[in-house]
>>> print(open('my_file_36.txt').read())   # compact mmCIF, C-alpha atoms and all ligand atoms
# COMPACT_ATOMS: atom_id res chain seq x y z
CA MET A 36 1.47 -25.73 10.57
CA ASN A 37 4.86 -24.65 11.73
CA ASN A 38 6.45 -21.50 10.34
CA GLN A 39 8.97 -23.33 8.13
CA GLU A 40 6.11 -24.80 6.12
CA LEU A 41 4.62 -21.40 5.31
CA GLU A 42 5.52 -19.74 2.05
CA LEU A 43 4.66 -16.22 0.92
CA ASN A 44 4.74 -15.16 -2.73
CA ILE A 45 5.11 -11.40 -3.02
CA GLY A 46 4.04 -10.09 -6.43
CA TRP A 47 5.84 -6.82 -7.16
CA LEU A 48 4.28 -4.68 -9.87
CA TYR A 49 6.80 -3.38 -12.42
CA PRO A 50 9.89 -3.07 -10.17
CA GLN A 51 11.82 -1.11 -12.82
CA LEU A 52 9.07 1.27 -13.88
CA MET A 53 7.36 1.76 -10.54
CA SER A 54 10.13 2.26 -8.00
CA THR A 55 10.79 5.95 -8.41
CA TYR A 56 9.79 6.96 -4.89
CA GLY A 57 11.48 4.36 -2.70
CA ASP A 58 8.48 2.09 -2.36
CA ARG A 59 10.71 -0.95 -2.90
CA GLY A 60 11.13 -0.52 0.86
CA ASN A 61 7.63 -1.95 1.28
CA VAL A 62 8.74 -5.15 -0.49
CA ILE A 63 11.85 -5.37 1.71
CA LEU A 64 9.78 -4.87 4.87
CA ILE A 65 7.34 -7.62 3.99
CA GLU A 66 10.17 -9.93 2.94
CA LYS A 67 12.25 -9.38 6.09
CA ARG A 68 9.36 -9.61 8.53
CA SER A 69 8.38 -12.91 6.92
CA LEU A 70 11.92 -14.32 6.88
CA TRP A 71 12.47 -13.36 10.54
CA ARG A 72 9.49 -15.55 11.36
CA GLY A 73 10.89 -18.45 9.41
CA TYR A 74 8.58 -18.33 6.39
CA LYS A 75 9.84 -18.99 2.90
CA VAL A 76 9.55 -15.93 0.65
CA ASN A 77 9.52 -15.61 -3.12
CA ILE A 78 9.50 -12.24 -4.83
CA ILE A 79 7.82 -12.39 -8.21
CA PRO A 80 8.42 -9.40 -10.49
CA LEU A 81 5.12 -8.68 -12.24
CA ASP A 82 6.59 -6.78 -15.16
CA GLN A 83 6.62 -6.93 -18.98
CA ASN A 84 8.20 -10.42 -18.84
CA ALA A 85 5.60 -11.78 -16.45
CA THR A 86 2.56 -13.77 -17.51
CA ALA A 87 -0.97 -13.86 -16.16
CA ALA A 88 0.02 -17.12 -14.40
CA ASP A 89 2.74 -15.24 -12.50
CA ILE A 90 0.15 -12.76 -11.27
CA CYS A 91 -2.06 -15.66 -10.16
CA ARG A 92 0.79 -17.05 -8.01
CA ALA A 93 1.01 -13.89 -5.87
CA ASP A 94 -0.29 -14.15 -2.29
CA LEU A 95 0.29 -10.45 -1.68
CA ILE A 96 0.79 -7.61 -4.15
CA VAL A 97 2.94 -4.50 -3.85
CA GLY A 98 2.79 -1.58 -6.27
CA GLY A 99 4.88 1.56 -5.89
CA GLY A 100 4.85 5.09 -7.18
CA ALA A 101 5.87 6.06 -10.69
CA GLN A 102 6.26 9.04 -12.93
CA ASP A 103 3.52 9.89 -15.37
CA ARG A 104 5.34 8.53 -18.43
CA GLN A 105 6.11 5.21 -16.72
CA GLN A 106 2.47 4.85 -15.72
CA GLY A 107 1.64 5.07 -19.42
CA SER A 108 4.18 2.32 -20.24
CA VAL A 109 2.79 0.10 -17.48
CA MET A 110 -0.74 0.47 -18.79
CA GLN A 111 0.37 -0.43 -22.30
CA ASP A 112 1.55 -3.76 -20.92
CA LEU A 113 -1.12 -4.41 -18.28
CA GLN A 114 -3.83 -5.48 -20.70
CA GLY A 115 -5.83 -8.58 -21.60
CA LYS A 116 -5.17 -11.69 -19.51
CA LYS A 117 -2.71 -9.90 -17.25
CA ALA A 118 -5.23 -7.18 -16.43
CA ASP A 119 -7.90 -9.82 -15.82
CA ALA A 120 -5.58 -11.78 -13.51
CA LEU A 121 -4.77 -8.71 -11.41
CA ARG A 122 -8.43 -7.74 -11.29
CA SER A 123 -9.53 -11.15 -10.06
CA LYS A 124 -6.72 -11.29 -7.49
CA ILE A 125 -7.83 -7.99 -5.98
CA GLU A 126 -11.53 -8.85 -6.21
CA ASN A 127 -10.89 -12.19 -4.47
CA GLY A 128 -9.25 -10.47 -1.52
CA THR A 129 -5.55 -10.94 -2.14
CA PRO A 130 -4.07 -8.25 0.08
CA GLY A 131 -2.07 -5.47 -1.49
CA ILE A 132 -0.35 -2.21 -0.76
CA PHE A 133 -0.51 0.26 -3.64
CA THR A 134 1.17 3.62 -3.45
CA CYS A 135 0.53 6.82 -5.38
CA GLY A 136 0.96 5.97 -9.08
CA SER A 137 -0.31 2.42 -8.48
CA PRO A 138 -3.76 3.40 -7.18
CA GLN A 139 -3.97 5.83 -10.08
CA ILE A 140 -3.64 2.93 -12.54
CA LEU A 141 -6.08 0.79 -10.52
CA GLY A 142 -8.69 3.54 -10.86
CA HIS A 143 -10.65 4.49 -13.98
CA TYR A 144 -8.07 6.87 -15.40
CA TYR A 145 -5.23 9.27 -14.70
CA GLU A 146 -4.86 12.54 -16.61
CA PRO A 147 -1.17 13.50 -16.57
CA VAL A 148 0.13 17.04 -16.80
CA ILE A 149 1.36 16.40 -20.35
CA GLY A 150 -0.16 13.98 -22.83
CA GLN A 151 -3.19 11.82 -23.14
CA ARG A 152 -5.42 10.42 -20.44
CA ILE A 153 -4.05 7.07 -19.25
CA GLN A 154 -6.88 4.57 -19.02
CA GLY A 155 -6.72 2.54 -15.79
CA LEU A 156 -8.05 -0.87 -14.83
CA GLY A 157 -11.21 0.48 -13.17
CA ILE A 158 -10.86 -1.86 -10.19
CA LEU A 159 -11.05 1.03 -7.75
CA ASP A 160 -13.89 3.47 -8.29
CA LEU A 161 -11.75 6.60 -8.42
CA VAL A 162 -10.31 9.01 -10.94
CA SER A 163 -7.09 11.02 -10.78
CA VAL A 164 -6.30 14.22 -12.61
CA HIS A 165 -3.23 16.45 -12.62
CA PRO A 166 -4.60 20.00 -12.35
CA GLY A 167 -1.92 21.53 -14.61
CA LYS A 168 1.70 22.59 -14.69
CA ASN A 169 1.13 25.83 -12.79
CA THR A 170 -0.21 24.07 -9.75
CA GLN A 171 1.90 23.15 -6.77
CA ARG A 172 2.94 19.54 -6.32
CA CYS A 173 1.82 17.96 -3.04
CA ILE A 174 5.05 17.19 -1.20
CA GLY A 175 5.48 16.69 2.52
CA ASN A 176 4.66 14.66 5.57
CA LEU A 177 1.32 12.92 5.50
CA VAL A 178 -0.57 11.54 8.46
CA VAL A 179 -3.83 9.71 8.02
CA GLU A 180 -6.22 8.33 10.58
CA VAL A 181 -7.46 5.05 9.16
CA THR A 182 -11.25 5.06 9.14
CA ALA A 183 -11.97 2.23 6.67
CA THR A 184 -14.30 -0.16 8.45
CA LEU A 185 -12.70 -3.45 9.53
CA LEU A 186 -9.19 -2.24 8.75
CA SER A 187 -9.32 0.50 11.39
CA GLU A 188 -10.58 -2.03 13.94
CA ASP A 189 -7.75 -4.44 13.09
CA PHE A 190 -5.13 -1.69 13.32
CA LYS A 191 -6.54 -0.37 16.60
CA GLU A 192 -6.25 -3.83 18.07
CA MET A 193 -2.68 -4.19 16.80
CA LEU A 194 -1.85 -0.81 18.39
CA GLY A 195 -3.27 -1.74 21.78
CA GLY A 196 -6.31 0.50 21.36
CA ALA A 197 -4.51 3.62 20.07
CA THR A 198 -5.86 5.75 17.23
CA PRO A 199 -4.76 4.04 13.99
CA TYR A 200 -2.58 6.76 12.48
CA LEU A 201 -0.38 6.04 9.49
CA VAL A 202 2.70 8.21 9.14
CA GLY A 203 4.15 8.74 5.67
CA PHE A 204 5.33 11.18 3.06
CA GLU A 205 3.46 12.29 -0.05
CA ASN A 206 4.86 13.43 -3.38
CA HIS A 207 2.30 13.71 -6.15
CA GLY A 208 0.93 16.06 -8.76
CA GLY A 209 -2.28 14.16 -9.48
CA LEU A 210 -5.36 14.62 -7.33
CA THR A 211 -7.79 11.80 -6.72
CA LYS A 212 -11.54 11.82 -6.34
CA LEU A 213 -13.21 8.74 -4.92
CA GLY A 214 -16.45 7.34 -6.29
CA THR A 215 -18.03 4.52 -4.32
CA THR A 216 -14.71 3.06 -3.11
CA GLU A 217 -14.20 3.65 0.59
CA ALA A 218 -11.43 6.02 1.69
CA LEU A 219 -8.51 4.53 3.59
CA GLY A 220 -8.88 7.30 6.11
CA LYS A 221 -9.02 10.99 6.82
CA VAL A 222 -6.13 13.39 6.49
CA VAL A 223 -4.75 14.58 9.79
CA TYR A 224 -1.70 16.30 8.29
CA GLY A 225 -0.94 16.91 4.61
CA VAL A 226 -3.00 16.88 1.43
CA GLY A 227 -4.01 13.27 0.77
CA ASN A 228 -6.34 12.51 -2.15
CA ASN A 229 -7.15 16.06 -3.20
CA GLY A 230 -6.78 18.53 -0.32
CA LYS A 231 -10.48 19.33 -0.43
CA ASP A 232 -12.63 16.54 0.92
CA GLY A 233 -10.24 15.42 3.67
CA THR A 234 -9.95 11.86 2.36
CA GLU A 235 -6.75 9.86 1.92
CA GLY A 236 -6.26 6.71 -0.10
CA ALA A 237 -8.76 3.95 -0.60
CA PHE A 238 -9.52 0.54 0.84
CA TYR A 239 -11.12 -2.14 -1.31
CA ARG A 240 -11.44 -5.86 -0.47
CA ASN A 241 -8.01 -6.26 1.14
CA SER A 242 -6.18 -3.70 -0.95
CA ILE A 243 -4.74 -0.62 0.68
CA ALA A 244 -4.26 2.33 -1.67
CA THR A 245 -2.45 5.40 -0.42
CA TYR A 246 -0.49 8.49 -1.39
CA SER A 247 1.94 7.70 1.43
CA HIS A 248 5.49 6.81 0.57
CA GLY A 249 8.03 6.59 3.35
CA PRO A 250 8.20 3.75 2.53
CA LEU A 251 4.96 3.44 4.42
CA LEU A 252 5.59 0.04 5.98
CA SER A 253 8.89 0.97 7.64
CA LYS A 254 7.15 3.73 9.57
CA ASN A 255 4.07 1.62 10.28
CA PRO A 256 5.26 -1.99 10.59
CA PHE A 257 1.90 -3.22 11.89
CA VAL A 258 0.53 -2.62 8.38
CA ALA A 259 3.13 -5.04 6.99
CA ASP A 260 2.02 -7.62 9.55
CA TRP A 261 -1.63 -7.12 8.66
CA LEU A 262 -0.78 -7.77 5.00
CA ILE A 263 1.29 -10.87 5.78
CA GLN A 264 -1.30 -12.31 8.14
CA THR A 265 -4.16 -11.66 5.73
CA ALA A 266 -2.21 -13.26 2.87
CA LEU A 267 -1.32 -16.39 4.83
CA ARG A 268 -4.81 -16.85 6.28
CA LEU A 269 -6.28 -16.66 2.82
CA LYS A 270 -3.69 -19.01 1.32
CA TYR A 271 -3.73 -21.71 4.00
CA GLU A 272 -7.38 -21.24 5.02
CA GLN A 273 -6.58 -21.41 8.71
CA PRO A 274 -5.90 -18.91 11.48
CA ILE A 275 -2.29 -17.74 11.43
CA SER A 276 -0.89 -15.71 14.27
CA LEU A 277 2.36 -13.88 13.75
CA SER A 278 5.06 -13.92 16.38
CA THR A 279 5.93 -10.52 17.85
CA LEU A 280 8.99 -8.70 16.54
CA ASN A 281 10.85 -5.94 18.29
CA ASP A 282 9.43 -2.80 16.68
CA SER A 283 10.31 -0.43 19.49
CA LEU A 284 12.55 1.80 17.34
CA ALA A 285 10.08 2.06 14.47
CA MET A 286 7.22 2.80 16.86
CA LYS A 287 9.25 5.39 18.70
CA GLY A 288 10.19 7.06 15.40
CA ARG A 289 6.54 7.12 14.49
CA GLN A 290 5.60 8.66 17.81
CA VAL A 291 8.32 11.33 17.50
CA MET A 292 7.00 12.23 14.05
CA LEU A 293 3.43 12.52 15.29
CA GLU A 294 4.54 14.76 18.13
CA ARG A 295 6.66 16.90 15.80
CA LEU A 296 3.62 17.46 13.60
CA GLY A 297 1.59 18.46 16.63
CA ILE A 298 -0.70 15.47 16.59
CA ASN A 299 -1.98 14.55 19.99
CA LEU A 300 -2.15 10.86 20.59
CA SER A 301 -5.43 10.27 22.34
CA THR A 302 -4.11 6.96 23.61
CA PRO A 303 -0.37 6.34 23.91
CA VAL A 304 1.13 4.13 21.22
CA VAL A 305 2.08 0.83 22.77
CA LEU A 306 5.76 0.12 22.41
CA ASP A 307 6.97 -3.40 22.16
CA LYS A 308 8.53 -4.28 25.50
CA LYS A 309 11.16 -6.68 24.20
N1 LIG B 401 2.62 10.38 -11.44
C1 LIG B 401 1.77 10.55 -10.36
C2 LIG B 401 1.57 11.95 -9.82
O1 LIG B 401 2.45 12.78 -9.91
C3 LIG B 401 2.24 9.62 -9.27
C4 LIG B 401 3.43 10.12 -8.49
C5 LIG B 401 3.91 9.10 -7.50
O2 LIG B 401 3.72 7.92 -7.69
N2 LIG B 401 4.56 9.57 -6.47
O3 LIG B 401 0.53 12.21 -9.33
>>> encode(input="my_file_36.txt", output="structure tokens")
Amino acid sequence: MNNQELELNIGWLYPQLMSTYGDRGNVILIEKRSLWRGYKVNIIPLDQNATAADICRADLIVGGGAQDRQQGSVMQDLQGKKADALRSKIENGTPGIFTCGSPQILGHYYEPVIGQRIQGLGILDLVSVHPGKNTQRCIGNLVVEVTATLLSEDFKEMLGGATPYLVGFENHGGLTKLGTTEALGKVVYGVGNNGKDGTEGAFYRNSIATYSHGPLLSKNPFVADWLIQTALRLKYEQPISLSTLNDSLAMKGRQVMLERLGINLSTPVVLDKK
């Protein structure tokens, strides 16, 4: 198939309610990197006006961070057929990038600082609890070494053999404890899931859950490509290889950040030569 025949439907969870922390940048990154390669892109808002059928149309799902109250409003709407549609999408391997408040609603529950426990979808085996108003919010740079099996191998390959670090920025009050769901990686700098067990995020089927804003994909463009490639392979049931884009600036920025945080790159990050 040539690129012009490929079409990517990006499902964007609650753009109004879940865009507090700049994660719309992840949608823009995926959209632009697809358009630059000549694919057709549709962005489908998966909000209160959307139906379960809209969720089913998504080839790739993006969910951003939100404030506690908005997470409650989202969960009031994400019930019944819509919840089932999202669950089966994730279970069937539709790739997704879910940041901060989004993984909290994909888990069993989130206990906010004020108000009732917000029941989640229970797709990810994790729980999140805000430890109380007198505790310090986790804000700052966050670096994670991806350790999730398969994903870390894919990223390593995309980085020419370098350690698969993700560079981002966290801003959360809630702390997350994983059950059986695999961690996305281990914290190299920052707090991550809870500041205690060294884990960050989660990886389930093809869904990446993380506390990293940034937006994450602008600082780690190879993750956007992994999502796009996974989505298209699944949709068209054939191998899809993405053409190379010039990411030298993004990769350099990433490298500068790692150095500033005192993280030694065991293998140099490969910069695009174009
Ligand atoms: N409301 C959640 C918390 O504070 C999520 C915040 C976010 O999405 N950045 O933990």
>>> closest_residue(input="my_file_36.txt", among="A:Gly203, A:Gly155, A:Gly46, A:Gly99", to="ligand LIG 401 (chain B)", atoms="only C-alpha atoms and all ligand atoms")
A:Gly99
>>> closest_residue(input="my_file_36.txt", among="A:Cys173, A:Leu210, A:Val109, A:Leu159", to="Pro147 of chain A", atoms="all atoms listed in the file")
A:Leu210
>>> atom_distance(input="my_file_36.txt", atom1="atom CA of Gly236 of chain A", atom2="atom CA of Ala218 of chain A")
5.5 Å
>>> residues_near_ligand(input="my_file_36.txt", ligand="ligand LIG 401 (chain B)", cutoff="8 Å", atoms="all atoms listed in the file", output="list of chain:residue names")
A:Met53, A:Thr55, A:Tyr56, A:Gly99, A:Gly100, A:Ala101, A:Gln102, A:Asp103, A:Arg104, A:Gln106, A:Thr134, A:Cys135, A:Gly136, A:Ser137, A:Gln139, A:Pro147, A:Ser163, A:Val164, A:His165, A:Arg172, A:Glu205, A:Asn206, A:His207, A:Gly208, A:Gly209, A:Leu210, A:Tyr246, A:His248
>>> atom_distance(input="my_file_36.txt", atom1="atom CA of Leu185 of chain A", atom2="atom CA of Ser242 of chain A")
12.3 Å
>>> closest_residue(input="my_file_36.txt", among="A:His143, A:Arg289, A:Lys270, A:Lys168", to="Leu95 of chain A", atoms="only C-alpha atoms")
A:Lys270
>>> residues_around(input="my_file_36.txt", residues="Ile79 of chain A", least_positions_apart="5", cutoff="9 Å", atoms="all atoms listed in the file", output="list of chain:residue names")
A:Asn44, A:Ile45, A:Gly46, A:Trp47, A:Leu48, A:Ala85, A:Asp89, A:Ile90, A:Arg92, A:Ala93
>>> atom_distance(input="my_file_36.txt", atom1="atom CA of Ala266 of chain A", atom2="atom CA of Gly142 of chain A")
22.6 Å
>>> closest_atom_pairs(input="my_file_36.txt", of="segment 122-202 of chain A", to="segment 59-75 of chain A", cutoff="12 Å", atoms="all atoms listed in the file", output="Markdown table")
| residue | atom | partner | partner_atom | distance |
| --- | --- | --- | --- | --- |
| A:Gly131 | CA | A:Asn61 | CA | 10.7 |
| A:Ile132 | CA | A:Asn61 | CA | 8.2 |
| A:Phe133 | CA | A:Asn61 | CA | 9.8 |
| A:Thr134 | CA | A:Asn61 | CA | 9.8 |
>>> closest_residue(input="my_file_36.txt", among="A:Leu252, A:Leu277, A:Val76, A:Ala244", to="Thr211 of chain A", atoms="all atoms listed in the file")
A:Ala244
>>> residues_near_point(input="my_file_36.txt", point="(-0.7, 4.2, -23.6)", cutoff="12 Å", atoms="all atoms listed in the file", output="list in words")
Asp103, Arg104, Gln105, Gln106, Gly107, Ser108, Val109, Met110, Gln111, Asp112, Leu113, Gln114, Ile140, Tyr144, Tyr145, Glu146, Pro147, Gly150, Gln151, Arg152, Ile153, Gln154 and Gly155 of chain A
>>> residues_near_point(input="my_file_36.txt", point="(-5.5, 5.6, 10.3)", cutoff="7 Å", atoms="all atoms listed in the file", output="short mmCIF file (atom, residue, chain, number, x, y, z; two decimals) with C-alpha atoms, keeping the file's coordinate frame")
data_model
loop_
_atom_site.label_atom_id
_atom_site.label_comp_id
_atom_site.auth_asym_id
_atom_site.auth_seq_id
_atom_site.Cartn_x
_atom_site.Cartn_y
_atom_site.Cartn_z
CA VAL A 179 -3.83 9.71 8.02
CA GLU A 180 -6.22 8.33 10.58
CA VAL A 181 -7.46 5.05 9.16
CA THR A 182 -11.25 5.06 9.14
CA SER A 187 -9.32 0.50 11.39
CA THR A 198 -5.86 5.75 17.23
CA PRO A 199 -4.76 4.04 13.99
CA TYR A 200 -2.58 6.76 12.48
CA LEU A 201 -0.38 6.04 9.49
CA GLY A 220 -8.88 7.30 6.11
#
>>> closest_residue(input="my_file_36.txt", among="A:Asp94, A:Asp82, A:Asp189, A:Glu217", to="Ile125 of chain A", atoms="only C-alpha atoms")
A:Asp94
>>> closest_residue(input="my_file_36.txt", among="A:Val178, A:Phe204, A:Ile263, A:Thr170", to="Glu294 of chain A", atoms="all atoms listed in the file")
A:Val178
>>> build_atoms(input="my_file_36.txt", residues="segment 70-81 of chain A", atoms="N, CA and C atoms", output="PDB file, in the coordinates of the input")
ATOM      1  N   LEU A  70      10.733 -13.484   6.680  1.00  0.00           N
ATOM      2  CA  LEU A  70      11.920 -14.320   6.880  1.00  0.00           C
ATOM      3  C   LEU A  70      12.269 -14.440   8.367  1.00  0.00           C
ATOM      4  N   TRP A  71      12.153 -13.336   9.106  1.00  0.00           N
ATOM      5  CA  TRP A  71      12.470 -13.360  10.540  1.00  0.00           C
ATOM      6  C   TRP A  71      11.571 -14.341  11.287  1.00  0.00           C
ATOM      7  N   ARG A  72      10.423 -14.614  10.711  1.00  0.00           N
ATOM      8  CA  ARG A  72       9.490 -15.550  11.360  1.00  0.00           C
ATOM      9  C   ARG A  72       9.654 -16.968  10.823  1.00  0.00           C
ATOM     10  N   GLY A  73      10.594 -17.111   9.912  1.00  0.00           N
ATOM     11  CA  GLY A  73      10.890 -18.450   9.410  1.00  0.00           C
ATOM     12  C   GLY A  73      10.095 -18.872   8.192  1.00  0.00           C
ATOM     13  N   TYR A  74       9.340 -17.958   7.584  1.00  0.00           N
ATOM     14  CA  TYR A  74       8.580 -18.330   6.390  1.00  0.00           C
ATOM     15  C   TYR A  74       9.507 -18.314   5.177  1.00  0.00           C
ATOM     16  N   LYS A  75       9.120 -19.051   4.171  1.00  0.00           N
ATOM     17  CA  LYS A  75       9.840 -18.990   2.900  1.00  0.00           C
ATOM     18  C   LYS A  75       9.226 -17.841   2.091  1.00  0.00           C
ATOM     19  N   VAL A  76      10.070 -17.075   1.421  1.00  0.00           N
ATOM     20  CA  VAL A  76       9.550 -15.930   0.650  1.00  0.00           C
ATOM     21  C   VAL A  76      10.040 -15.984  -0.791  1.00  0.00           C
ATOM     22  N   ASN A  77       9.137 -15.765  -1.716  1.00  0.00           N
ATOM     23  CA  ASN A  77       9.520 -15.610  -3.120  1.00  0.00           C
ATOM     24  C   ASN A  77       9.036 -14.237  -3.590  1.00  0.00           C
ATOM     25  N   ILE A  78       9.921 -13.533  -4.266  1.00  0.00           N
ATOM     26  CA  ILE A  78       9.500 -12.240  -4.830  1.00  0.00           C
ATOM     27  C   ILE A  78       9.329 -12.422  -6.334  1.00  0.00           C
ATOM     28  N   ILE A  79       8.125 -12.171  -6.790  1.00  0.00           N
ATOM     29  CA  ILE A  79       7.820 -12.390  -8.210  1.00  0.00           C
ATOM     30  C   ILE A  79       7.663 -11.020  -8.889  1.00  0.00           C
ATOM     31  N   PRO A  80       8.589 -10.671  -9.787  1.00  0.00           N
ATOM     32  CA  PRO A  80       8.420  -9.400 -10.490  1.00  0.00           C
ATOM     33  C   PRO A  80       7.251  -9.514 -11.483  1.00  0.00           C
ATOM     34  N   LEU A  81       6.269  -8.648 -11.325  1.00  0.00           N
ATOM     35  CA  LEU A  81       5.120  -8.680 -12.240  1.00  0.00           C
ATOM     36  C   LEU A  81       5.317  -7.552 -13.255  1.00  0.00           C
TER      37      LEU A  81
END
